[in-house]
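Participant: Got a structure for you, written out below as structure tokens; questions coming shortly.
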Amino acid sequence: MSEHIEKLLSLASPSLEAVSVLGPHTQSMRGALAEELIGVLGRRNGFFAFESALLVRPYYSESSPLGIVQWNAPKLWKGNYGSSLPDMLCFAEDAFGVQFCIHNATICSFDPETAVLKEIARSIGGWAGWILEDHKVRTGWPLAHFWQLRHGPLRHGGRLLPKVPFVLGGQFTVENLYELNDLEGMRVRADIATQLKACPDGSKVVIRIRRGG
């Protein structure tokens, strides 16, 4: 286990689920990165860090926060992005629901407002090091901290969404944030991303946000 993972685990909450649930379901994860991820989950099967700003999902959980198996089900939220969504295994996210995922043997971030993937690292340990290098920016911890001072702890499964989407110039301020269930949050942002898909940069747009479904 890399020193970066050990450091991240030292800052993390207790496991969200019992480690024993890894056994029957591991056949759905393939490749070296998935095996490395399973190794981490074998130590801490899902956890929060940085005052819940960072969520690493447990392997299998049908309650909030959903497990990796449930969260990556094609019909849960990924289908809302349409057929162009890349093949990715999402295993963690920041305070705003930006996904961290395994894609083409790399660890990437997935911006739910734009559906843009960005490569971060070549290993789970490298990703943990990237988080720790600048956790304030890369988890959204400061805003999550101040939002929770004002409104109370985030619920399990709750993420912070901007009232005015960041992609449309919304500010990274407590006043521009509200809490929403992670699943509904992904569906809301999928709606935004698909509406913006055909718009050239700089276009004036009117976004219609449809909740639920």
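Labels used: A, B, ... for chains in the order of the structure tokens, numbers from 1 for residues in each chain, and numbers from 1 for ligands as shown.
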So which residues touch Leu183 in chain A within 9 Å, counting only C-alpha atoms, skipping near sequence neighbours fewer than 5 positions away, as a PyMOL selection string?

Facilitator: chain A and resi 71+76-77+157-158+188

Participant: Compile a residue-level contact table for range 121-213 of chain A against range 30-46 of chain A at a cut-off of 12 Å, reporting for every qualifying residue the shortest atom pair and its distance in Å to one decimal, with only C-alpha atoms counted, rows ordered by chain and ascending number, as a tab-separated table.

Facilitator:
```
residue	atom	partner	partner_atom	distance
A:Ala121	CA	A:Leu33	CA	10.6
A:Arg122	CA	A:Leu33	CA	8.2
A:Ser123	CA	A:Leu33	CA	6.2
A:Ile124	CA	A:Leu37	CA	6.5
A:Gly125	CA	A:Glu36	CA	8.4
A:Gly126	CA	A:Leu33	CA	10.9
A:Trp127	CA	A:Leu37	CA	10.8
A:Ala128	CA	A:Val40	CA	10.8
A:His156	CA	A:Gly46	CA	11.9
```

Participant: Could the residues in this selection be saved with C-alpha atoms as a PDB file, in the first residue's frame?

Facilitator:
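Output file part_22.pdb follows:
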```pdb
ATOM      1  CA  ALA A 121      -2.939   9.590 -12.292  1.00  0.00           C
ATOM      2  CA  ARG A 122      -1.906   6.113 -13.361  1.00  0.00           C
ATOM      3  CA  SER A 123      -2.604   4.435 -10.023  1.00  0.00           C
ATOM      4  CA  ILE A 124      -4.914   4.715  -7.017  1.00  0.00           C
ATOM      5  CA  GLY A 125      -1.870   5.657  -4.960  1.00  0.00           C
ATOM      6  CA  GLY A 126      -1.046   8.381  -7.468  1.00  0.00           C
ATOM      7  CA  TRP A 127      -4.610   9.670  -7.215  1.00  0.00           C
ATOM      8  CA  ALA A 128      -4.369   9.731  -3.409  1.00  0.00           C
ATOM      9  CA  HIS A 156     -25.034  10.624   3.816  1.00  0.00           C
TER      10      HIS A 156
END
```

Participant: With a distance cut-off of 10 Å and only C-alpha atoms, select the neighbouring residues of His145 in chain A, excluding the residue or stretch itself and same-chain residues fewer than 6 positions from it, and output the selection as a PDB file with C-alpha atoms, in the first residue's frame.

Facilitator:
```
ATOM      1  CA  PHE A  50     -11.964  16.302   4.918  1.00  0.00           C
ATOM      2  CA  GLU A  51     -15.308  16.846   6.681  1.00  0.00           C
ATOM      3  CA  SER A  52     -17.202  14.760   4.108  1.00  0.00           C
ATOM      4  CA  ALA A  53     -15.828  16.789   1.185  1.00  0.00           C
ATOM      5  CA  ALA A  95     -17.931  17.915  -2.331  1.00  0.00           C
ATOM      6  CA  GLY A 152     -25.126  21.526   9.648  1.00  0.00           C
ATOM      7  CA  PRO A 153     -23.429  18.299   8.534  1.00  0.00           C
ATOM      8  CA  LEU A 154     -23.983  16.965   5.039  1.00  0.00           C
ATOM      9  CA  VAL A 174     -21.375  29.298   0.290  1.00  0.00           C
TER      10      VAL A 174
END
```

Participant: Distance CA of Ala12 in chain A-CA of Phe48 in chain A, one decimal place?

Facilitator: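 Straight-line distance from CA of Ala12 in chain A to CA of Phe48 in chain A works out to 5.7 Å.
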
Participant: Let's see if you can do this: from backbone DSSP, list all strand (DSSP E) residues in range 34-136 of chain A, as number ranges by chain.

Facilitator: A: 47-49, 54-56, 89-93, 99-103, 106-111, 116-121

Participant: Give me, please, the distance in Å between CA of Tyr81 in chain A and CA of Glu17 in chain A, quoted to one decimal.

Facilitator: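 Straight-line distance from CA of Tyr81 in chain A to CA of Glu17 in chain A works out to 29.1 Å.
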
Participant: So that I can see what lies close to Cys90 in chain A, please list as a list of chain:residue names the residues with an atom at most 7 Å from it, counting only C-alpha atoms and leaving out residues fewer than 5 positions away in the same chain.

Facilitator: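 Residues meeting the cut-off are A:Ile68, A:Asn72, A:Gln99, A:Phe100, A:Cys101, A:Ile102.
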
Participant: Can you spit out the residues from that selection as a PDB file, in the first residue's frame, using N, CA and C atoms?

Facilitator:
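Output file part_1.pdb is given in full below:
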```pdb
ATOM      1  N   ILE A  68     -20.119   1.207  -5.069  1.00  0.00           N
ATOM      2  CA  ILE A  68     -19.583   1.307  -6.429  1.00  0.00           C
ATOM      3  C   ILE A  68     -20.402   0.461  -7.395  1.00  0.00           C
ATOM      4  N   ASN A  72     -22.540   2.614 -10.371  1.00  0.00           N
ATOM      5  CA  ASN A  72     -22.144   2.499 -11.770  1.00  0.00           C
ATOM      6  C   ASN A  72     -23.133   1.735 -12.642  1.00  0.00           C
ATOM      7  N   GLN A  99     -16.769  13.469 -10.209  1.00  0.00           N
ATOM      8  CA  GLN A  99     -16.462  12.058 -10.034  1.00  0.00           C
ATOM      9  C   GLN A  99     -14.985  11.773 -10.255  1.00  0.00           C
ATOM     10  N   PHE A 100     -14.473  10.832  -9.478  1.00  0.00           N
ATOM     11  CA  PHE A 100     -13.147  10.260  -9.720  1.00  0.00           C
ATOM     12  C   PHE A 100     -13.365   8.823 -10.181  1.00  0.00           C
ATOM     13  N   CYS A 101     -12.742   8.467 -11.297  1.00  0.00           N
ATOM     14  CA  CYS A 101     -13.095   7.213 -11.946  1.00  0.00           C
ATOM     15  C   CYS A 101     -11.898   6.542 -12.594  1.00  0.00           C
ATOM     16  N   ILE A 102     -12.054   5.249 -12.866  1.00  0.00           N
ATOM     17  CA  ILE A 102     -11.090   4.488 -13.647  1.00  0.00           C
ATOM     18  C   ILE A 102     -11.571   4.490 -15.092  1.00  0.00           C
TER      19      ILE A 102
END
```

Participant: For Met186 in chain A, list every protein, DNA or RNA residue within 9 Å, evaluated using only C-alpha atoms, and leave out those in the same chain fewer than 5 positions away; present the list as a list in words.

Facilitator: Trp77, Lys78, Asn80, Gly97, Pro112, Glu113, Asn181 and Asp191 of chain A

Participant: Using only C-alpha atoms, find the one residue out of A:Leu9, A:Met29, A:Leu132, A:Leu160 that sits nearest to Leu180 in chain A.

Facilitator: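 Nearest to Leu180 in chain A: A:Leu160.
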
Participant: So how many Å separate CA of Ala193 in chain A and CA of Leu168 in chain A, to one decimal?

Facilitator: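 CA of Leu168 in chain A lies at a distance of 11.0 Å from CA of Ala193 in chain A.
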
Participant: From the options A:Ile120, A:Ala115, A:Ala92, A:Leu54, which residue's atoms come nearest to Gln195 in chain A, counting only C-alpha atoms?

Facilitator: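 Smallest separation from Gln195 in chain A among the options: A:Ala115.
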
Participant: Tell me which of A:Leu85, A:Ile131, A:Val56, A:Val98 sits closest to Thr194 in chain A, counting only C-alpha atoms.

Facilitator: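 Once distances to Thr194 in chain A are computed over only C-alpha atoms, the minimum belongs to A:Leu85.
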